[in-house]
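Novice: I have a structure I would like to understand better, so I am pasting it below and will then ask my questions one at a time.
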Amino acid sequence: MKQQRQAKNKKSKSTEANTNWYESKKLFWLGLAIIALTYIIVYPQIFDPKVADLEDNTYYYLLGHSLADGNGYTDEDGGLHLAKSPMVPIINSVIITLGGDIVAIKMANGIMFFLSLVMLYYLLFKISSNVLLAFVTVLLIQLNTNFLFMSTIIMSEMPYLFFLMASLFMFYAIMNYNNLTTTKYYLLLIGTSLSVVAAYNTRPFGAIWLIAMVLVLLFAYVYNHKLLKSKYNAPYSSKKYRSIVSILILSAIFLISIFVWKSYTDSYQTIERPEYIFNDNFTNNFLVDAETGKPTSFSDFGYWSNRFTYNASQYTFKIVPNSMFWNHIDTFKPATDHQLAFGLRELGLREKDANPTLPQILLGNIVLIIILLGAIQYRKNIFVWSIFLFIIGSFIILYTNQIVFITDGFRYMQALTPFLLFFFLTGLVKSAQWLVGKFSKSSGLQNAIAPLVIAIFLAIVMPHYILALQIEMENAAIRHPDPNSDVDFNAPYHKQFLDYLSACNWIKHNVPDSAIIGFRKPKIYMIYTGSFKKGIYMTMPAFDSNPEEVLEYLDKWKVQYLLLDTWYAHAFHTIVPAIQQYPEKFNILQQIGGDIPNGINPTYIVEYNKNGFVETENK
């Protein structure tokens, strides 16, 4: 017996000695230190302390102020204006109440990003017991400018990522820790539930994570999986009992949160269109054709078939590989198209992407196969199954949620990308080890495969990452003027955006307070001018419309003035054809900036009269 123990210990020591260095738990803390140091070096260089010129960004900021002032989810005119992501204004309101403002809110987003990275690193290491795979995955996410940019604006991406990672962190503890006391278990379960609720109220996609958790718990109940390892033998600690209780608690807290939110919104009896979380863009736009902005129906099988096929091909062959490997380099560089009225150009519109090319199809299929090969390496880990269910469920929703523009795709991929990249790296390493194993049985060679494959992969992608980071650092200081100070027109801001601000200031001082104004991104106007007129700031449609539909829209909302700017450009795409066909109904009040020979077009402020103007010499 003693000899058997000695042989077992000797074998254990031998196995430990042969363990790859990158699987050592001692390196975990070194990897965490490098991640923290990288964040400290990189993040300040890309941090932009100004409000981004994105309307959702200012929307959440203004709603945060409204909540902090005790006015609830109300717009500047006092009307109910519910957030698409009600959790984001709540976070902003807390920071504002504590004395913070724009910079503090943006710094909070950066902190949530870093904490998400830490939790991700821990989870990936626990799943794989491989520091190298976990570290490289997190490092690439940390240096990805898609993530970095979203961490510096006041929107839902970072809170959503943070709450999802927090729920994963606690759910992993529930499923894998030994000797959980009853109190600790239920505290973790409540924490998981609240994190899922917060994720859902940040983005409706968070509901898929609740569904994934429930399915995993049901699997544990039906198949009596070793979900929990407890030192207690009492009935309350049985695996089956805990599975059912966990499902009930998760579902109950989630449903209660929905009931509370619906009760809050329904309490506004004087509002013409009371809305709650199910009735926003997640549901109302579900039946809207993303190309035309017009409603469709479930009976239009041809439309749904085309929509699913198109979105599936875009995600498989473009968006998924791009989100994992590439960074955007210059999101804000305007694109030019054909000449329009007044010598203007149609700018900035994101055209529907063409069909994938043969190289994209090949790359997409290869990436998908490698991801699946990596995922099956952890097939015995029930926690990984929950992640996989979450990914599959999210894609099902994404396919039916009008995501037709490749430039928007990465925003909806952010919570999925870290795990897809992790599975990809695992599949890449395991495939290489299997291939080399066919020709050589050398243990030393096998141990060297993982670092070698990762090094080659980094050598391919890192130059692009570094280039994107350099450009992001350069853009951080010049992308947006500071709304809290006078605009310096000699500063290296984008000329077209300065023209837009000049037009906003002209409207502020020259247009009646009661006017109904139509232009894109009206919240930008409000936050940069500090002007909250009594009139309505109509957001002009961004979809294709014929001139008659445009006039019908303007008449319906009694629009009196229009801002046609070259920064957002949607108004050009929509309004200019109507001006060309009905010039007698439009009067140019102001032309600002522009350098047509050099491709910079003027910004126009136009007056509209459905009955037409007597004098049209300004046209």
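Naming scheme: A, B, ... for chains in displayed order of the structure tokens; residues 1 onward per chain; ligands 1 onward as shown.
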Applying 9 Å and only C-alpha atoms, which residues near Val42 of chain A remain after dropping the ones on its own chain fewer than 3 positions away? List them as a VMD selection string.

Specialist: chain A and resid 37 to 39 45 to 47 143 469 473

Novice: I'd like the contact shell of Ser394 of chain A - 9 Å cut-off, only C-alpha atoms, skipping same-chain residues fewer than 6 positions apart - returned as a PyMOL selection string.

Specialist: chain A and resi 205-206+208-209+416

Novice: I need the chosen residues saved as a compact mmCIF listing (two decimals), in the first residue's frame, with C-alpha atoms.

Specialist:
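Output (out18.txt):
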```txt
# COMPACT_ATOMS: atom_id res chain seq x y z
CA PHE A 205 -30.15 40.85 -25.50
CA GLY A 206 -29.35 40.19 -21.83
CA ILE A 208 -30.79 35.42 -23.61
CA TRP A 209 -28.30 34.93 -20.80
CA LEU A 416 -19.79 37.59 -27.74
```

Novice: Which residues are near segment 132-136 of chain A? Cut-off 8 Å, only C-alpha atoms, ignore same chain within fewer than 4 positions. Put them as a list of chain:residue names.

Specialist: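 Surrounding residues, per the criterion: A:Tyr22, A:Glu23, A:Gly31, A:Leu32, A:Ile35, A:Tyr121, A:Tyr122, A:Leu124, A:Phe125, A:Ser128, A:Leu140, A:Phe422, A:Leu425, A:Thr426, A:Pro451.
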
Novice: Taking only C-alpha atoms into account, name the residue in A:Leu187, A:Val429, A:Ile454, A:Ala476 that is nearest to Thr152 of chain A.

Specialist: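 Checking each candidate against Thr152 of chain A, we get A:Ala476 as the closest.
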
Novice: Go ahead and compute the interatomic distance for atom CA of Ser431 of chain A and atom CA of Leu362 of chain A, in Å to one decimal.

Specialist: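 Calculated distance between atom CA of Ser431 of chain A and atom CA of Leu362 of chain A is 17.6 Å.
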
Novice: One decimal, in Å: what's the spacing between atom CA of Gly444 of chain A and atom CA of Asn20 of chain A?

Specialist: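 One can read the atom CA of Gly444 of chain A to atom CA of Asn20 of chain A distance as 9.7 Å.
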
Novice: Just to confirm, what's the straight-line distance from atom CA of Lys26 of chain A to atom CA of Asn447 of chain A in Å (one decimal)?

Specialist: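 Atom CA of Asn447 of chain A lies at a distance of 17.9 Å from atom CA of Lys26 of chain A.
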
Novice: Using only C-alpha atoms, which residue out of A:Ile95, A:Ile127, A:Ala448, A:Val576 lies closest to Gln377 of chain A?

Specialist: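 Closest to Gln377 of chain A, using only C-alpha atoms: A:Ile127.
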
Novice: I'd like to know which residues of segment 87-271 of chain A are helix (DSSP H, G or I) (by DSSP, run on the backbone); could you write them as number ranges by chain?

Specialist: A: 87-97, 102-128, 131-143, 145-150, 157-176, 182-200, 204-222, 235-237, 239-266

Novice: Skip Asn92 of chain A itself and residues of its chain fewer than 4 positions away, then list as a list in words all residues within 7 Å of it, counting only C-alpha atoms.

Specialist: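 The neighbour list is Tyr61, Gly64, Val88, Ile96 and Ile105 of chain A.
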
Novice: Write a file of the selected residues as a PDB file, in the first residue's frame, keeping all heavy atoms.

Specialist:
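The resulting file, again_6.pdb, is reproduced below:
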```pdb
ATOM      1  N   TYR A  61     -26.948  60.850 -21.561  1.00  0.00           N
ATOM      2  CA  TYR A  61     -26.402  61.885 -20.684  1.00  0.00           C
ATOM      3  C   TYR A  61     -27.504  62.822 -20.190  1.00  0.00           C
ATOM      4  O   TYR A  61     -27.601  63.122 -18.994  1.00  0.00           O
ATOM      5  CB  TYR A  61     -25.327  62.662 -21.436  1.00  0.00           C
ATOM      6  CG  TYR A  61     -24.804  63.872 -20.690  1.00  0.00           C
ATOM      7  CD1 TYR A  61     -24.014  63.721 -19.558  1.00  0.00           C
ATOM      8  CD2 TYR A  61     -25.106  65.158 -21.123  1.00  0.00           C
ATOM      9  CE1 TYR A  61     -23.534  64.826 -18.878  1.00  0.00           C
ATOM     10  CE2 TYR A  61     -24.630  66.274 -20.444  1.00  0.00           C
ATOM     11  CZ  TYR A  61     -23.850  66.098 -19.324  1.00  0.00           C
ATOM     12  OH  TYR A  61     -23.389  67.198 -18.651  1.00  0.00           O
ATOM     13  N   GLY A  64     -29.780  61.089 -17.787  1.00  0.00           N
ATOM     14  CA  GLY A  64     -29.123  60.974 -16.480  1.00  0.00           C
ATOM     15  C   GLY A  64     -29.295  62.239 -15.669  1.00  0.00           C
ATOM     16  O   GLY A  64     -29.552  62.192 -14.454  1.00  0.00           O
ATOM     17  N   VAL A  88     -28.610  52.619 -18.193  1.00  0.00           N
ATOM     18  CA  VAL A  88     -27.526  53.571 -18.458  1.00  0.00           C
ATOM     19  C   VAL A  88     -27.808  54.940 -17.847  1.00  0.00           C
ATOM     20  O   VAL A  88     -26.944  55.504 -17.168  1.00  0.00           O
ATOM     21  CB  VAL A  88     -27.255  53.680 -19.971  1.00  0.00           C
ATOM     22  CG1 VAL A  88     -26.151  54.690 -20.256  1.00  0.00           C
ATOM     23  CG2 VAL A  88     -26.864  52.313 -20.538  1.00  0.00           C
ATOM     24  N   ILE A  96     -23.739  61.742 -11.498  1.00  0.00           N
ATOM     25  CA  ILE A  96     -24.045  63.181 -11.485  1.00  0.00           C
ATOM     26  C   ILE A  96     -24.463  63.626 -10.091  1.00  0.00           C
ATOM     27  O   ILE A  96     -24.044  64.683  -9.606  1.00  0.00           O
ATOM     28  CB  ILE A  96     -25.146  63.492 -12.521  1.00  0.00           C
ATOM     29  CG1 ILE A  96     -24.603  63.283 -13.935  1.00  0.00           C
ATOM     30  CG2 ILE A  96     -25.647  64.930 -12.361  1.00  0.00           C
ATOM     31  CD1 ILE A  96     -25.674  63.332 -15.014  1.00  0.00           C
ATOM     32  N   ILE A 105     -18.451  60.293 -15.829  1.00  0.00           N
ATOM     33  CA  ILE A 105     -19.267  59.231 -16.435  1.00  0.00           C
ATOM     34  C   ILE A 105     -18.430  58.398 -17.399  1.00  0.00           C
ATOM     35  O   ILE A 105     -18.474  57.167 -17.405  1.00  0.00           O
ATOM     36  CB  ILE A 105     -20.492  59.825 -17.155  1.00  0.00           C
ATOM     37  CG1 ILE A 105     -21.448  60.457 -16.139  1.00  0.00           C
ATOM     38  CG2 ILE A 105     -21.219  58.760 -17.965  1.00  0.00           C
ATOM     39  CD1 ILE A 105     -22.578  61.242 -16.765  1.00  0.00           C
TER      40      ILE A 105
END
```

Novice: So, with only C-alpha atoms as the atoms that count, which of A:Val453, A:Ala375, A:Leu210, A:Ile588 lies closest to Asn609 of chain A?

Specialist: A:Ile588
